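To start, the structure itself, in C-alpha cells.
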Amino acid sequence: MRCNLWTLVPIVTALLLGTPPSSPAAGTSSALSKTNKFEPSCVFPEKWQGYWFQSGVRQSIQIHLNKFSTKGKCVASDGDKFLIVEEKSNCHRCVVIHEKHDNVLQYKETYCTRMESLYSLCSHITGDALLYSMFRVNAVPLNCPFSGYHTFSYDRGHGECTTPASTMESCTQESRLILRYQACPDVYGSESAVEELQCLATWKEGSSRYLVGKMEHLHVSSNEDRYRCFVYEKAGGGIGSGSDSEVVYRVAQSGDATCNGLFSPMEGSRTMTLRRANPPRCKFPAWMTTTAHWHSLDYKSTYSLHHRNTSLKVSQSGDSVLGDDSRLHCSEVKAASSESATIIVHFTTGCQSGFMCMVFYRRDQHVIELQSGMKTRRPEEACTQSNFDRTKAPFVTLVTSNPEQHKCPQVGRFSVTGMIRRDREKRNSDDEVGTDLRGEGCSLEFRSVAVGCGEDETMEFRSHCSSPATNVISVYNCHAGWSENGTHYLITTPNSRSSAGAKRYCFIYTPGIGGTYHFSTSPVTCSRAVRPGITGALAFNITHQGLCAEVTNRAVLHVSSFYLIVILSLFVSKLILYR
C-alpha cells in the first residue's frame with residue numbers, strides 16, 4: 001500500500017503536542033482544543049525584540065522575530081511557554097519566560113532533548129529550577145523608588161556599620177542615586193566608597209518589591225560588575241502615620257548580575273537600612289518670589305523656585321558658572337536684609353553634591369544678581385574666606401521675562417567717539433551696529449546718542465551717513481540701574497533685534513572728564529571685570545552736547561541764522577543792482 005505524505009502531517013503534529021491524532025470533535029481532550037493558543041510557528045512579543053544582557057553570557061542576547069540568539073528558533077508557543085529548536089543539533093527545549101518589566105525578562109528552561117512536545121517538555125520544569133535574568137541593553141531608565149536624602153547603615157556579612165552614617169541622595173536626574181559609604185572603625189570589611197546607581201526596572205512580588213539598576217564606581221570594568229538586583233520593603237512611615245513617623249526602607253542587594261537568592265530584604269550580599277532624613281531647610285528671600293523663573297541676560301540659564309521657595313532648579317542651555325543642570329536647596333541663611341542675602345546652599349549637579357556659599361543681591365523688582373563660592377563637602381566650610389571671596393567671585397545677572405521700563409539716566413544728547421567692537425561679538429551685536437549700514441558714505445559706527453529725548457525710557461543710537469535718509473537708529477529700552485564703587489550698571493533691551501541677537505544688554509559706564517562718559521556693553525552679565533570704554537562686547541566714549549531741547553534749539557537757531565544771512569545777502573544784492 002502506497003503511503004500518502006500528507007497523511008503523516010496530523011500524526012507528526014500530534015507527536016509534537018503529545019496528543020492522539022483524533023479530531024477534537026470526537027471527544028479528545030487535547031491541550032490544543034482546550035487552549036486554542038498553540039501556534040505552529042511563533043514570534044516573540046514585539047516589545048521583547050532587541051538586545052539583552054545575561055550574566056555569564058559573553059555576547060548580548062538578541063531576540064528578533066522568532067529567534068532567541070543563544071538558544072535557537074521558536075517553533076511553538078502557548079502563553080509564556082515557548083518550544084525552541086536548536087537548529088544545529090536539532091534538539092528541543094521548553095523555555096518559560098516571564099516579563100517582570102519592559103527592561104527585565106526572567107526565564108526557566110529544560111535541558112535540550114531530541115524531540116518532545118511543548119507540554120511534556122514544560123512539565124519537567126520544577127519550582128526550584130534555576131532562574132535566569134535578562135536585562136535590556138541600553139534600557140531607558142526610570143525614576144528611582146527612593147528620592148530625596150537618606151542616611152543608612154549597611155552590613156556586608158561582618159556586622160552592621162552604623163557610625164558614622166552613610167548617605168544616599170537623588171541626583172539631578174530622578175533616575176540616578178548617589179550612595180556614599182562610610183567606614184566604621186569597629187566593623188571588618190567596611191570602607192569608604194562612592195557608588196552611583198541608575199534605576200532601570202521595578203516590580204512587585206508579594207509584599208516585596210524589586211529593583212534592577214546599573215552601578216558605577218571605581219571597581220566597575222564590565223556589565224557583570226554593573227548590573228545588580230535589589231529587593232526592598234517599606235518598614236515605616238506608612239499611610240496614616242504622623243508627620244513625625246520615620247520612613248525606613250530595608251534593602252538587600254545581589255552579589256552578582258542576577259536576581260538569584262534575593263528572597264527577602266534581610267538577606268543578600270549586602271543589606272541596608274535606609275532612613276529618610278530631612279536636612280535643615282530655609283527659604284530664599286521673599287523678594288525673589290516676584291517671578292517663578294529668573295533668566296540670565298543671554299537666557300542660557302534659568303533659575304526656577306520650587307517647594308515653597310526652599311529650592312532653586314537651575315536649567316542650562318549653554319555654558320554657565322554651575323555647569324550642568326543643578327538643584328540648589330536653601331540650607332542656612334547666614335545674613336539677610338531687604339537688599340541682599342547670604343545663604344549656604346546644598347547643591348546637586350548630576351550626581352555630584354555638596355555645599356556652596358551664595359550671595360543674592362536685589363537690584364530691582366525685576367533684576368537680581370548672585371555670587372557663588374567654591375564647592376565644599378561640609379556646610380561650615382562654604383562661607384569661609386578660603387572658599388568664598390566676594391571681591392573675586394563673578395556676578396551672574398538675572399532678569400524676569402518682562403522687566404519693567406524705567407527712565408534712562410543721563411538724559412540729553414551726546415556725541416560718540418572711539419567705538420571698539422570685538423570680533424567675537426560682531427555676529428551677535430547686529431542690534432548695536434546696524435545690519436543695513438552698507439551704503440556708500442555710511443560708517444559702521446554710531447556717531448551720536450540721544451537719551452530720554454524721544455521717550456523717557458529709551459536711548460537712541462544714530463549712525464551718520466552721507467544721505468540722512470539712510471541713517472540707522474538703534475533704540476534700547478531702559479530697565480533697572482544701580483551704581484557700585486563709582487561704576488554704573490544699566491539693564492536694557494534692544495527695541496528690535498535679529499533672531500540671533502542678544503535679548504538683554506548690560507551697559508557699564510563710568511564718568512570721565514569734561515562731560516565724557518566711558519561705556520561698555522555685555523550681553524551675558526554685568527561683569528565687574530569689564531573696563532568701560534576699553535573692553536566689553538562694545539566699547540565707546542560719549543560726550544555731553546547738552547539737553548535734548550538745547551541741542552534742538554541750537555540746530556534750529558543755526559538753520560534760522562543761515563536763512564537770515566541768505567535773505568540779507570539777496571536783499572543787499574538787489575539794493576546794489578537797483579542803484
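A note on labels: chains of the C-alpha cells are A, B, ... as shown, every chain counts residues from 1, and ligands are counted from 1 in their shown order.
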
For the interface of range 206-308 of chain A with range 340-360 of chain A (cut-off 12 Å, counting only C-alpha atoms), please tabulate each contacting residue of range 206-308 of chain A alongside its nearest pair of atoms and their separation in Å to one decimal, rows sorted by chain and increasing number, as CSV.
```
residue,atom,partner,partner_atom,distance
A:Glu216,CA,A:Cys351,CA,11.0
A:Pro279,CA,A:His346,CA,9.4
A:Pro280,CA,A:His346,CA,9.9
A:Arg281,CA,A:Val345,CA,9.3
A:Cys282,CA,A:Ile343,CA,9.1
A:Lys283,CA,A:Ile343,CA,9.3
A:Phe284,CA,A:Ile343,CA,8.1
A:Pro285,CA,A:Ala341,CA,6.9
A:Ala286,CA,A:Ala341,CA,10.3
A:Trp287,CA,A:Ser340,CA,9.5
A:Met288,CA,A:Phe360,CA,9.0
```

With only C-alpha atoms as the counted atoms, please give the residues lying no more than 9 Å from Glu99 in chain A, apart from itself and same-chain residues fewer than 5 positions off, as a PDB file with all heavy atoms, in the first residue's frame.
```pdb
ATOM      1  N   TRP A  48       9.687  42.568  23.296  1.00  0.00           N
ATOM      2  CA  TRP A  48      10.879  41.835  23.730  1.00  0.00           C
ATOM      3  C   TRP A  48      12.001  41.942  22.708  1.00  0.00           C
ATOM      4  O   TRP A  48      13.145  41.579  22.995  1.00  0.00           O
ATOM      5  CB  TRP A  48      10.560  40.364  23.943  1.00  0.00           C
ATOM      6  CG  TRP A  48       9.616  40.090  25.075  1.00  0.00           C
ATOM      7  CD1 TRP A  48       8.994  40.992  25.870  1.00  0.00           C
ATOM      8  CD2 TRP A  48       9.178  38.793  25.507  1.00  0.00           C
ATOM      9  NE1 TRP A  48       8.199  40.362  26.789  1.00  0.00           N
ATOM     10  CE2 TRP A  48       8.292  39.009  26.590  1.00  0.00           C
ATOM     11  CE3 TRP A  48       9.446  37.491  25.092  1.00  0.00           C
ATOM     12  CZ2 TRP A  48       7.670  37.952  27.259  1.00  0.00           C
ATOM     13  CZ3 TRP A  48       8.833  36.438  25.756  1.00  0.00           C
ATOM     14  CH2 TRP A  48       7.955  36.659  26.842  1.00  0.00           C
ATOM     15  N   ASP A  80       3.215  31.839  28.150  1.00  0.00           N
ATOM     16  CA  ASP A  80       4.609  32.145  28.475  1.00  0.00           C
ATOM     17  C   ASP A  80       5.549  30.980  28.194  1.00  0.00           C
ATOM     18  O   ASP A  80       6.724  31.018  28.538  1.00  0.00           O
ATOM     19  CB  ASP A  80       4.729  32.567  29.943  1.00  0.00           C
ATOM     20  CG  ASP A  80       4.165  31.525  30.900  1.00  0.00           C
ATOM     21  OD1 ASP A  80       3.799  30.422  30.441  1.00  0.00           O
ATOM     22  OD2 ASP A  80       4.088  31.816  32.108  1.00  0.00           O
ATOM     23  N   VAL A 104      13.233  43.947  31.948  1.00  0.00           N
ATOM     24  CA  VAL A 104      13.683  42.731  32.638  1.00  0.00           C
ATOM     25  C   VAL A 104      12.833  41.538  32.217  1.00  0.00           C
ATOM     26  O   VAL A 104      11.598  41.572  32.318  1.00  0.00           O
ATOM     27  CB  VAL A 104      13.620  42.889  34.175  1.00  0.00           C
ATOM     28  CG1 VAL A 104      14.018  41.578  34.858  1.00  0.00           C
ATOM     29  CG2 VAL A 104      14.525  44.027  34.639  1.00  0.00           C
ATOM     30  N   LEU A 105      13.505  40.497  31.750  1.00  0.00           N
ATOM     31  CA  LEU A 105      12.869  39.209  31.486  1.00  0.00           C
ATOM     32  C   LEU A 105      13.533  38.153  32.365  1.00  0.00           C
ATOM     33  O   LEU A 105      14.755  38.172  32.543  1.00  0.00           O
ATOM     34  CB  LEU A 105      13.015  38.807  30.008  1.00  0.00           C
ATOM     35  CG  LEU A 105      12.384  39.722  28.952  1.00  0.00           C
ATOM     36  CD1 LEU A 105      12.682  39.184  27.549  1.00  0.00           C
ATOM     37  CD2 LEU A 105      10.884  39.854  29.161  1.00  0.00           C
ATOM     38  N   GLN A 106      12.733  37.236  32.903  1.00  0.00           N
ATOM     39  CA  GLN A 106      13.276  36.113  33.662  1.00  0.00           C
ATOM     40  C   GLN A 106      12.731  34.825  33.064  1.00  0.00           C
ATOM     41  O   GLN A 106      11.574  34.773  32.630  1.00  0.00           O
ATOM     42  CB  GLN A 106      12.888  36.227  35.142  1.00  0.00           C
ATOM     43  CG  GLN A 106      13.591  37.367  35.861  1.00  0.00           C
ATOM     44  CD  GLN A 106      13.299  37.387  37.349  1.00  0.00           C
ATOM     45  OE1 GLN A 106      12.283  36.877  37.816  1.00  0.00           O
ATOM     46  NE2 GLN A 106      14.205  37.992  38.118  1.00  0.00           N
ATOM     47  N   TYR A 107      13.569  33.783  33.044  1.00  0.00           N
ATOM     48  CA  TYR A 107      13.098  32.535  32.440  1.00  0.00           C
ATOM     49  C   TYR A 107      13.697  31.323  33.139  1.00  0.00           C
ATOM     50  O   TYR A 107      14.736  31.383  33.800  1.00  0.00           O
ATOM     51  CB  TYR A 107      13.426  32.506  30.946  1.00  0.00           C
ATOM     52  CG  TYR A 107      14.886  32.359  30.602  1.00  0.00           C
ATOM     53  CD1 TYR A 107      15.477  31.096  30.448  1.00  0.00           C
ATOM     54  CD2 TYR A 107      15.694  33.483  30.387  1.00  0.00           C
ATOM     55  CE1 TYR A 107      16.815  30.962  30.111  1.00  0.00           C
ATOM     56  CE2 TYR A 107      17.033  33.366  30.057  1.00  0.00           C
ATOM     57  CZ  TYR A 107      17.586  32.098  29.916  1.00  0.00           C
ATOM     58  OH  TYR A 107      18.919  31.962  29.587  1.00  0.00           O
TER      59      TYR A 107
END
```

Near Asp102 in chain A, within 12 Å and counting only C-alpha atoms, which residues show up once chain neighbours fewer than 2 positions away are dropped, as a ChimeraX atom specification?
-> /A:45-50,52,98-100,104-106,134-137,139-142,200-203,212

Print the selection's residues with N, CA and C atoms to a file, as a CSV table (one decimal), in the first residue's frame.
```
chain,number,residue,atom,x,y,z
A,45,PRO,N,7.0,38.3,21.5
A,45,PRO,CA,6.3,39.6,21.6
A,45,PRO,C,7.2,40.8,21.1
A,46,GLU,N,6.6,41.7,20.5
A,46,GLU,CA,7.3,42.8,19.8
A,46,GLU,C,8.1,43.6,20.8
A,47,LYS,N,7.6,43.8,22.0
A,47,LYS,CA,8.4,44.6,23.0
A,47,LYS,C,9.6,43.9,23.6
A,48,TRP,N,9.7,42.6,23.3
A,48,TRP,CA,10.9,41.8,23.7
A,48,TRP,C,12.0,41.9,22.7
A,49,GLN,N,11.7,42.4,21.5
A,49,GLN,CA,12.7,42.5,20.5
A,49,GLN,C,13.8,43.4,20.9
A,50,GLY,N,15.0,43.0,20.6
A,50,GLY,CA,16.2,43.8,20.9
A,50,GLY,C,17.3,43.0,21.6
A,52,TRP,N,19.8,42.0,24.9
A,52,TRP,CA,19.7,41.7,26.4
A,52,TRP,C,21.0,41.2,26.9
A,98,HIS,N,9.0,35.0,31.8
A,98,HIS,CA,8.1,36.0,32.5
A,98,HIS,C,8.7,37.4,32.3
A,99,GLU,N,7.8,38.3,31.9
A,99,GLU,CA,8.2,39.7,31.8
A,99,GLU,C,8.0,40.4,33.1
A,100,LYS,N,9.0,40.8,33.8
A,100,LYS,CA,8.9,41.5,35.1
A,100,LYS,C,8.8,43.0,34.9
A,104,VAL,N,13.2,43.9,31.9
A,104,VAL,CA,13.7,42.7,32.6
A,104,VAL,C,12.8,41.5,32.2
A,105,LEU,N,13.5,40.5,31.7
A,105,LEU,CA,12.9,39.2,31.5
A,105,LEU,C,13.5,38.2,32.4
A,106,GLN,N,12.7,37.2,32.9
A,106,GLN,CA,13.3,36.1,33.7
A,106,GLN,C,12.7,34.8,33.1
A,134,MET,N,17.4,38.4,32.5
A,134,MET,CA,18.0,39.2,31.3
A,134,MET,C,17.6,40.7,31.5
A,135,PHE,N,18.6,41.5,31.3
A,135,PHE,CA,18.4,43.0,31.4
A,135,PHE,C,18.6,43.6,30.1
A,136,ARG,N,17.6,44.5,29.7
A,136,ARG,CA,17.7,45.1,28.4
A,136,ARG,C,18.9,46.0,28.3
A,137,VAL,N,19.7,45.8,27.2
A,137,VAL,CA,20.8,46.7,26.9
A,137,VAL,C,20.3,48.0,26.4
A,139,ALA,N,18.7,50.3,28.1
A,139,ALA,CA,17.4,50.5,28.6
A,139,ALA,C,17.1,51.9,28.9
A,140,VAL,N,15.9,52.4,28.8
A,140,VAL,CA,15.5,53.7,29.2
A,140,VAL,C,15.3,53.7,30.7
A,141,PRO,N,16.1,54.5,31.5
A,141,PRO,CA,16.0,54.5,32.9
A,141,PRO,C,14.6,55.0,33.4
A,142,LEU,N,14.3,54.8,34.7
A,142,LEU,CA,13.1,55.3,35.3
A,142,LEU,C,13.4,55.9,36.6
A,200,LEU,N,16.7,51.0,36.5
A,200,LEU,CA,16.2,50.6,35.2
A,200,LEU,C,14.8,49.9,35.3
A,201,ALA,N,14.5,49.2,36.4
A,201,ALA,CA,13.2,48.5,36.4
A,201,ALA,C,12.8,48.3,37.9
A,202,THR,N,11.5,48.2,38.1
A,202,THR,CA,10.9,47.9,39.4
A,202,THR,C,9.7,47.0,39.2
A,203,TRP,N,9.4,46.1,40.1
A,203,TRP,CA,8.2,45.3,40.1
A,203,TRP,C,8.0,44.8,41.5
A,212,VAL,N,16.1,46.8,39.7
A,212,VAL,CA,17.3,46.4,38.9
A,212,VAL,C,17.9,47.7,38.5
```

Selection: 6 Å around Thr492 in chain A, only C-alpha atoms, excl. self and same-chain fewer than 2 positions, as a list of chain:residue names | A:Asn477, A:Cys478, A:His479, A:Arg504, A:Tyr505

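Every protein or nucleic acid residue with an atom no more than 7 Å from Cys548 in chain A, counting only C-alpha atoms and leaving out same-chain residues fewer than 5 positions away, appears here: Gly412, Arg413 and Cys453 of chain A.
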
File of the preceding selection, C-alpha atoms, as a PDB file, in the first residue's frame:
```pdb
ATOM      1  CA  GLY A 412      20.474 114.537  26.915  1.00  0.00           C
ATOM      2  CA  ARG A 413      22.279 114.338  23.594  1.00  0.00           C
ATOM      3  CA  CYS A 453      14.825 112.635  24.156  1.00  0.00           C
TER       4      CYS A 453
END
```

In Å, rounded to a single decimal, give me how far CA of Glu457 in chain A is from CA of Gly536 in chain A.
->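 Going from CA of Gly536 in chain A over to CA of Glu457 in chain A covers 23.4 Å.
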